[in-house]
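Here is the file my_file.json (JSON, C-alpha atoms).
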[["chain", "number", "residue", "atom", "x", "y", "z"],
["K", 1, "MET", "CA", -0.56, -11.80, 33.71],
["K", 2, "ASP", "CA", -2.55, -13.39, 30.91],
["K", 3, "ASP", "CA", -6.12, -14.56, 30.35],
["K", 4, "GLU", "CA", -5.09, -17.82, 28.63],
["K", 5, "PRO", "CA", -4.97, -20.43, 31.47],
["K", 6, "SER", "CA", -2.93, -22.94, 29.45],
["K", 7, "LEU", "CA", -0.30, -20.32, 28.63],
["K", 8, "VAL", "CA", -0.16, -19.12, 32.24],
["K", 9, "ARG", "CA", 0.32, -22.68, 33.52],
["K", 10, "ALA", "CA", 3.03, -23.44, 30.98],
["K", 11, "VAL", "CA", 5.02, -20.24, 31.54],
["K", 12, "ALA", "CA", 4.64, -20.41, 35.33],
["K", 13, "GLY", "CA", 5.87, -24.00, 35.26],
["K", 14, "TYR", "CA", 8.98, -23.09, 33.28],
["K", 15, "LEU", "CA", 9.74, -20.15, 35.55],
["K", 16, "GLU", "CA", 9.25, -22.15, 38.76],
["K", 17, "HIS", "CA", 11.47, -24.91, 37.37],
["K", 18, "ASP", "CA", 14.18, -22.26, 36.89],
["K", 19, "GLY", "CA", 13.88, -21.17, 40.51],
["K", 20, "PHE", "CA", 11.57, -18.17, 40.21],
["K", 21, "VAL", "CA", 8.72, -17.49, 42.62],
["K", 22, "VAL", "CA", 5.67, -16.85, 40.42],
["K", 23, "THR", "CA", 2.36, -15.07, 41.05],
["K", 24, "THR", "CA", -0.26, -15.21, 38.29],
["K", 25, "ALA", "CA", -3.26, -13.06, 37.39],
["K", 26, "ALA", "CA", -5.97, -13.47, 34.75],
["K", 27, "ASP", "CA", -7.19, -9.89, 34.33],
["K", 28, "GLY", "CA", -6.07, -6.30, 34.81],
["K", 29, "GLU", "CA", -7.63, -5.80, 38.24],
["K", 30, "GLN", "CA", -6.03, -8.97, 39.60],
["K", 31, "ALA", "CA", -2.70, -7.98, 38.07],
["K", 32, "LEU", "CA", -2.63, -4.59, 39.78],
["K", 33, "ALA", "CA", -3.75, -6.03, 43.10],
["K", 34, "ALA", "CA", -1.08, -8.75, 42.95],
["K", 35, "ALA", "CA", 1.67, -6.24, 42.13],
["K", 36, "ARG", "CA", 0.64, -4.06, 45.07],
["K", 37, "SER", "CA", 0.38, -6.87, 47.61],
["K", 38, "ASP", "CA", 3.51, -8.81, 46.59],
["K", 39, "PRO", "CA", 5.92, -6.41, 44.81],
["K", 40, "PRO", "CA", 7.60, -8.26, 41.90],
["K", 41, "ASP", "CA", 11.00, -7.90, 40.26],
["K", 42, "VAL", "CA", 9.70, -8.62, 36.74],
["K", 43, "ILE", "CA", 6.16, -8.49, 35.34],
["K", 44, "VAL", "CA", 5.14, -10.40, 32.19],
["K", 45, "LEU", "CA", 2.03, -8.64, 30.94],
["K", 46, "ASP", "CA", -0.28, -9.47, 28.03],
["K", 47, "VAL", "CA", -1.52, -6.47, 26.05],
["K", 48, "MET", "CA", -5.00, -7.97, 25.63],
["K", 49, "LEU", "CA", -6.44, -8.51, 29.11],
["K", 50, "PRO", "CA", -10.14, -8.52, 30.03],
["K", 51, "GLY", "CA", -11.34, -5.52, 31.99],
["K", 52, "ILE", "CA", -8.38, -3.13, 32.19],
["K", 53, "ASP", "CA", -6.16, -3.89, 29.20],
["K", 54, "GLY", "CA", -2.43, -4.44, 29.47],
["K", 55, "ILE", "CA", -1.50, -0.96, 28.27],
["K", 56, "GLU", "CA", -3.55, 0.70, 31.02],
["K", 57, "VAL", "CA", -2.26, -1.82, 33.56],
["K", 58, "CYS", "CA", 1.31, -0.88, 32.61],
["K", 59, "ARG", "CA", 0.53, 2.82, 32.98],
["K", 60, "GLN", "CA", -0.90, 2.23, 36.45],
["K", 61, "LEU", "CA", 1.99, -0.05, 37.44],
["K", 62, "ARG", "CA", 4.41, 2.76, 36.70],
["K", 63, "THR", "CA", 2.75, 4.92, 39.35],
["K", 64, "PHE", "CA", 3.87, 2.60, 42.17],
["K", 65, "THR", "CA", 6.52, 0.13, 40.99],
["K", 66, "ASP", "CA", 9.78, 0.20, 39.03],
["K", 67, "ALA", "CA", 9.65, -3.54, 38.32],
["K", 68, "TYR", "CA", 10.78, -4.52, 34.84],
["K", 69, "VAL", "CA", 7.82, -5.09, 32.49],
["K", 70, "ILE", "CA", 7.81, -7.42, 29.49],
["K", 71, "MET", "CA", 4.70, -6.96, 27.35],
["K", 72, "LEU", "CA", 3.27, -9.78, 25.25],
["K", 73, "THR", "CA", 1.54, -8.97, 21.96],
["K", 74, "ALA", "CA", -0.52, -11.24, 19.72],
["K", 75, "ARG", "CA", 0.76, -9.67, 16.50],
["K", 76, "SER", "CA", 4.08, -8.10, 15.58],
["K", 77, "GLU", "CA", 2.19, -5.12, 14.13],
["K", 78, "GLU", "CA", 1.06, -4.20, 17.67],
["K", 79, "ILE", "CA", 4.64, -3.32, 18.59],
["K", 80, "ASP", "CA", 4.48, -0.48, 16.04],
["K", 81, "THR", "CA", 1.33, 0.77, 17.77],
["K", 82, "LEU", "CA", 3.12, 0.70, 21.13],
["K", 83, "ILE", "CA", 5.80, 3.06, 19.81],
["K", 84, "GLY", "CA", 3.38, 5.93, 20.26],
["K", 85, "LEU", "CA", 2.29, 4.79, 23.72],
["K", 86, "SER", "CA", 4.71, 5.74, 26.47],
["K", 87, "VAL", "CA", 3.49, 3.01, 28.78],
["K", 88, "GLY", "CA", 6.84, 2.29, 30.41],
["K", 89, "ALA", "CA", 7.43, -1.32, 29.33],
["K", 90, "ASP", "CA", 11.05, -2.47, 29.18],
["K", 91, "ASP", "CA", 10.71, -5.22, 26.58],
["K", 92, "TYR", "CA", 8.18, -6.67, 24.11],
["K", 93, "MET", "CA", 7.62, -10.22, 22.85],
["K", 94, "THR", "CA", 5.26, -11.49, 20.16],
["K", 95, "LYS", "CA", 3.12, -14.61, 20.65],
["K", 96, "PRO", "CA", 3.78, -17.44, 20.12],
["K", 97, "PHE", "CA", 7.10, -17.37, 21.93],
["K", 98, "SER", "CA", 9.55, -19.83, 23.41],
["K", 99, "PRO", "CA", 9.38, -20.04, 27.22],
["K", 100, "ARG", "CA", 13.14, -20.48, 27.20],
["K", 101, "GLU", "CA", 13.52, -17.19, 25.32],
["K", 102, "LEU", "CA", 11.22, -15.51, 27.84],
["K", 103, "ILE", "CA", 13.35, -16.82, 30.70],
["K", 104, "ALA", "CA", 16.49, -15.57, 28.93],
["K", 105, "ARG", "CA", 14.91, -12.12, 28.57],
["K", 106, "ILE", "CA", 13.91, -12.11, 32.26],
["K", 107, "ARG", "CA", 17.39, -13.12, 33.39],
["K", 108, "GLY", "CA", 18.87, -10.46, 31.13],
["K", 109, "LEU", "CA", 16.72, -7.79, 32.78],
["K", 110, "LEU", "CA", 17.60, -9.01, 36.26],
["K", 111, "ARG", "CA", 21.31, -8.82, 35.46],
["K", 112, "ARG", "CA", 20.92, -5.12, 34.85],
["K", 113, "PRO", "CA", 21.77, -2.78, 37.74],
["K", 114, "ARG", "CA", 19.07, -1.64, 40.15],
["K", 115, "MET", "CA", 18.14, 2.04, 40.54],
["K", 116, "THR", "CA", 21.14, 3.03, 42.67],
["K", 117, "GLY", "CA", 23.61, 0.41, 41.56],
["K", 118, "HIS", "CA", 25.08, 1.72, 38.31],
["K", 119, "THR", "CA", 27.39, 4.61, 37.80],
["K", 120, "SER", "CA", 29.94, 4.88, 35.05],
["K", 121, "GLY", "CA", 33.49, 6.08, 35.47],
["K", 122, "ASP", "CA", 32.20, 9.63, 35.05],
["K", 123, "ALA", "CA", 29.74, 10.18, 37.91],
["K", 124, "GLN", "CA", 29.56, 13.96, 37.49],
["K", 125, "VAL", "CA", 26.31, 15.65, 36.51],
["K", 126, "ARG", "CA", 26.18, 15.85, 32.72],
["K", 127, "THR", "CA", 24.61, 18.72, 30.82],
["K", 128, "ILE", "CA", 23.42, 18.95, 27.22],
["K", 129, "GLY", "CA", 21.96, 22.43, 26.72],
["K", 130, "ASP", "CA", 19.38, 22.77, 29.49],
["K", 131, "LEU", "CA", 19.20, 19.00, 29.98],
["K", 132, "SER", "CA", 21.04, 17.65, 33.04],
["K", 133, "LEU", "CA", 21.55, 14.02, 34.08],
["K", 134, "ASP", "CA", 22.97, 12.89, 37.43],
["K", 135, "PRO", "CA", 24.29, 9.29, 37.16],
["K", 136, "GLN", "CA", 24.51, 8.86, 40.95],
["K", 137, "SER", "CA", 21.04, 10.04, 41.94],
["K", 138, "ARG", "CA", 19.58, 8.86, 38.60],
["K", 139, "GLN", "CA", 17.77, 12.16, 38.19],
["K", 140, "VAL", "CA", 17.09, 14.02, 34.97],
["K", 141, "GLN", "CA", 15.97, 17.63, 34.58],
["K", 142, "VAL", "CA", 15.16, 19.93, 31.70],
["K", 143, "GLY", "CA", 15.81, 23.39, 33.08],
["K", 144, "GLN", "CA", 14.34, 23.25, 36.58],
["K", 145, "THR", "CA", 11.72, 20.64, 35.67],
["K", 146, "PRO", "CA", 12.32, 17.02, 36.79],
["K", 147, "VAL", "CA", 11.76, 14.36, 34.11],
["K", 148, "GLU", "CA", 10.41, 11.00, 35.22],
["K", 149, "LEU", "CA", 12.02, 8.17, 33.23],
["K", 150, "THR", "CA", 11.70, 4.42, 33.58],
["K", 151, "ARG", "CA", 14.86, 2.48, 34.42],
["K", 152, "THR", "CA", 15.34, 1.46, 30.81],
["K", 153, "GLU", "CA", 14.82, 5.02, 29.56],
["K", 154, "PHE", "CA", 17.30, 6.38, 32.09],
["K", 155, "ASP", "CA", 19.88, 3.72, 31.24],
["K", 156, "LEU", "CA", 19.66, 4.56, 27.53],
["K", 157, "LEU", "CA", 19.97, 8.29, 28.16],
["K", 158, "GLU", "CA", 22.83, 7.68, 30.61],
["K", 159, "ALA", "CA", 24.69, 5.67, 27.97],
["K", 160, "LEU", "CA", 24.21, 8.37, 25.33],
["K", 161, "THR", "CA", 25.29, 11.22, 27.62],
["K", 162, "GLU", "CA", 28.43, 9.43, 28.78],
["K", 163, "ARG", "CA", 30.00, 10.15, 25.37],
["K", 164, "PRO", "CA", 27.72, 12.79, 23.88],
["K", 165, "LYS", "CA", 29.50, 13.23, 20.55],
["K", 166, "LEU", "CA", 29.76, 9.49, 19.87],
["K", 167, "ALA", "CA", 27.17, 7.92, 17.57],
["K", 168, "PHE", "CA", 25.96, 4.63, 19.05],
["K", 169, "THR", "CA", 24.52, 1.88, 16.91],
["K", 170, "ARG", "CA", 21.36, 0.18, 18.12],
["K", 171, "SER", "CA", 23.32, -3.00, 18.80],
["K", 172, "GLN", "CA", 25.83, -1.07, 20.93],
["K", 173, "LEU", "CA", 23.01, 0.46, 22.98],
["K", 174, "ILE", "CA", 21.37, -2.94, 23.40],
["K", 175, "GLU", "CA", 24.63, -4.47, 24.63],
["K", 176, "ARG", "CA", 25.14, -1.57, 27.03],
["K", 177, "VAL", "CA", 21.58, -1.43, 28.43],
["K", 178, "TRP", "CA", 20.13, -4.93, 27.98],
["K", 179, "GLY", "CA", 23.47, -6.74, 28.18],
["K", 180, "PRO", "CA", 25.48, -9.10, 25.94],
["K", 181, "GLY", "CA", 23.56, -12.01, 24.51],
["K", 182, "TRP", "CA", 20.16, -10.29, 24.70],
["K", 183, "ALA", "CA", 17.82, -11.83, 22.11],
["K", 184, "GLY", "CA", 15.31, -9.42, 20.67],
["K", 185, "GLU", "CA", 14.62, -6.85, 17.99],
["K", 186, "GLU", "CA", 16.82, -3.75, 17.69],
["K", 187, "HIS", "CA", 13.55, -1.92, 16.95],
["K", 188, "LEU", "CA", 13.07, -1.88, 20.74],
["K", 189, "VAL", "CA", 15.71, 0.87, 20.99],
["K", 190, "ASP", "CA", 13.63, 3.10, 18.70],
["K", 191, "ILE", "CA", 10.56, 2.62, 20.91],
["K", 192, "HIS", "CA", 12.41, 3.76, 24.02],
["K", 193, "ILE", "CA", 14.12, 6.66, 22.22],
["K", 194, "ALA", "CA", 10.68, 7.87, 21.09],
["K", 195, "HIS", "CA", 9.48, 7.74, 24.71],
["K", 196, "ILE", "CA", 12.58, 9.60, 25.95],
["K", 197, "ARG", "CA", 12.15, 12.33, 23.34],
["K", 198, "ALA", "CA", 8.49, 12.77, 24.26],
["K", 199, "LYS", "CA", 9.32, 13.11, 27.96],
["K", 200, "LEU", "CA", 12.15, 15.57, 27.29],
["K", 201, "GLY", "CA", 9.94, 17.65, 25.02],
["K", 202, "ASP", "CA", 12.45, 17.00, 22.25],
["K", 203, "ASP", "CA", 11.05, 17.83, 18.80],
["K", 204, "PRO", "CA", 12.26, 15.19, 16.31],
["K", 205, "ALA", "CA", 12.41, 17.94, 13.66],
["K", 206, "THR", "CA", 15.00, 19.95, 15.60],
["K", 207, "GLU", "CA", 16.48, 17.27, 17.91],
["K", 208, "ARG", "CA", 17.86, 19.40, 20.72],
["K", 209, "TYR", "CA", 18.99, 16.42, 22.82],
["K", 210, "VAL", "CA", 18.79, 12.97, 21.19],
["K", 211, "ARG", "CA", 19.89, 13.10, 17.57],
["K", 212, "THR", "CA", 19.32, 10.46, 14.90],
["K", 213, "VAL", "CA", 22.46, 9.58, 12.93],
["K", 214, "ARG", "CA", 21.13, 8.13, 9.69],
["K", 215, "GLY", "CA", 22.47, 4.71, 8.87],
["K", 216, "VAL", "CA", 24.09, 4.42, 12.31],
["K", 217, "GLY", "CA", 21.88, 5.03, 15.34],
["K", 218, "TYR", "CA", 21.75, 7.83, 17.92],
["K", 219, "ARG", "CA", 23.93, 10.36, 19.68],
["K", 220, "MET", "CA", 23.51, 13.30, 22.05],
["K", 221, "GLY", "CA", 24.12, 16.96, 21.48],
["K", 222, "PRO", "CA", 23.42, 19.72, 18.98],
["K", 223, "GLY", "CA", 24.81, 20.13, 15.49]]

In structure tokens, write the structure found in this file.
Amino acid sequence: MDDEPSLVRAVAGYLEHDGFVVTTAADGEQALAAARSDPPDVIVLDVMLPGIDGIEVCRQLRTFTDAYVIMLTARSEEIDTLIGLSVGADDYMTKPFSPRELIARIRGLLRRPRMTGHTSGDAQVRTIGDLSLDPQSRQVQVGQTPVELTRTEFDLLEALTERPKLAFTRSQLIERVWGPGWAGEEHLVDIHIAHIRAKLGDDPATERYVRTVRGVGYRMGPG
């Protein structure tokens, strides 16, 4: 989904050559219509689209599809802006980019388990204060209130709650959630952690659930 025809043709050609079935769209309205009529596994979405922009498209996509979303940005600074926007994207890439790297990112996402496919050795419901996470049903609650997380957000929280006193580095979380060999910025973990905290109502000043371990990464639990 991009409004640059030459880029769309080039990327679609690479993807088709690698065996993917590709549907393209040039603006936000077309993108949403295409995703509804032919549900995709992965969506590559430019931030700057005519009509409905990519951020709003991503928000609307999350109301009816759990497809993985890779957002394209024209400037690396835009990724910092996206930290404060819980739009539900799974990955971010800055233009210009290598089509081979994009394909590697797509294949990495597709190697990840689907909604019901992943449970760790401990499949019991986990609780951190009034936060509960069920690895089998992939449901999260704070008290009696359900929390809607994207697949990537759930996978990160699931990894952290599996060993709640262990401090995970960003690279460890990337290997666990995105898989070995994933090529991208570790900063992506911080974006998703910010989204998780916002959805849990977790105040970064008190950190009831997801705690920052300075110089290391993140862990779960109080104190």

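Using all atoms listed in the file for every distance, the candidate list K:Val147, K:Gly13, K:Asp2, K:Gln136 yields K:Asp2 as the residue closest to K:Ala74.
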
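For K:Ala34, the set of protein, DNA and RNA residues having any atom at most 9 Å away, when counting only C-alpha atoms and skipping those fewer than 4 positions along the same chain, is Thr23, Thr24, Ala25, Glu29, Gln30, Asp38, Pro39 and Pro40 of chain K.
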
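Within a radius of 9 Å around (10.1, -11.8, 33.2), the polymer residues are Leu15, Asp41, Val42, Ile43, Val44, Leu45, Tyr68, Val69, Ile70, Leu102, Ile103, Ala104, Arg105, Ile106, Arg107, Leu109 and Leu110 of chain K, counting all atoms listed in the file.
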
Residues within 9 Å of K:Glu207, all atoms listed in the file, excluding chain neighbours under 5 positions, as a PyMOL selection string: chain K and resi 197+202+212+221-222

Around (21.6, 7.5, 16.2) in the file's own coordinates, what residues are found within 10 Å if you use all atoms listed in the file, given back as a JSON list (two decimals) with C-alpha atoms, in the frame of the given file?
[["chain", "number", "residue", "atom", "x", "y", "z"],
["K", 160, "LEU", "CA", 24.21, 8.37, 25.33],
["K", 166, "LEU", "CA", 29.76, 9.49, 19.87],
["K", 167, "ALA", "CA", 27.17, 7.92, 17.57],
["K", 168, "PHE", "CA", 25.96, 4.63, 19.05],
["K", 169, "THR", "CA", 24.52, 1.88, 16.91],
["K", 170, "ARG", "CA", 21.36, 0.18, 18.12],
["K", 173, "LEU", "CA", 23.01, 0.46, 22.98],
["K", 190, "ASP", "CA", 13.63, 3.10, 18.70],
["K", 193, "ILE", "CA", 14.12, 6.66, 22.22],
["K", 210, "VAL", "CA", 18.79, 12.97, 21.19],
["K", 211, "ARG", "CA", 19.89, 13.10, 17.57],
["K", 212, "THR", "CA", 19.32, 10.46, 14.90],
["K", 213, "VAL", "CA", 22.46, 9.58, 12.93],
["K", 214, "ARG", "CA", 21.13, 8.13, 9.69],
["K", 215, "GLY", "CA", 22.47, 4.71, 8.87],
["K", 216, "VAL", "CA", 24.09, 4.42, 12.31],
["K", 217, "GLY", "CA", 21.88, 5.03, 15.34],
["K", 218, "TYR", "CA", 21.75, 7.83, 17.92],
["K", 219, "ARG", "CA", 23.93, 10.36, 19.68],
["K", 220, "MET", "CA", 23.51, 13.30, 22.05]]

Residue with smallest distance to K:Ile196 - pool K:Gly108, K:Trp182, K:Arg151, K:Val177, counting all atoms listed in the file: K:Arg151

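For the atom pair formed by atom CA of K:Ala89 and atom CA of K:Ala26, the distance is 18.9 Å, given to one decimal.
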
Given only C-alpha atoms as the counted atoms, nearest of K:Pro50, K:Pro180, K:Pro146, K:Pro99 to K:Leu7: K:Pro99
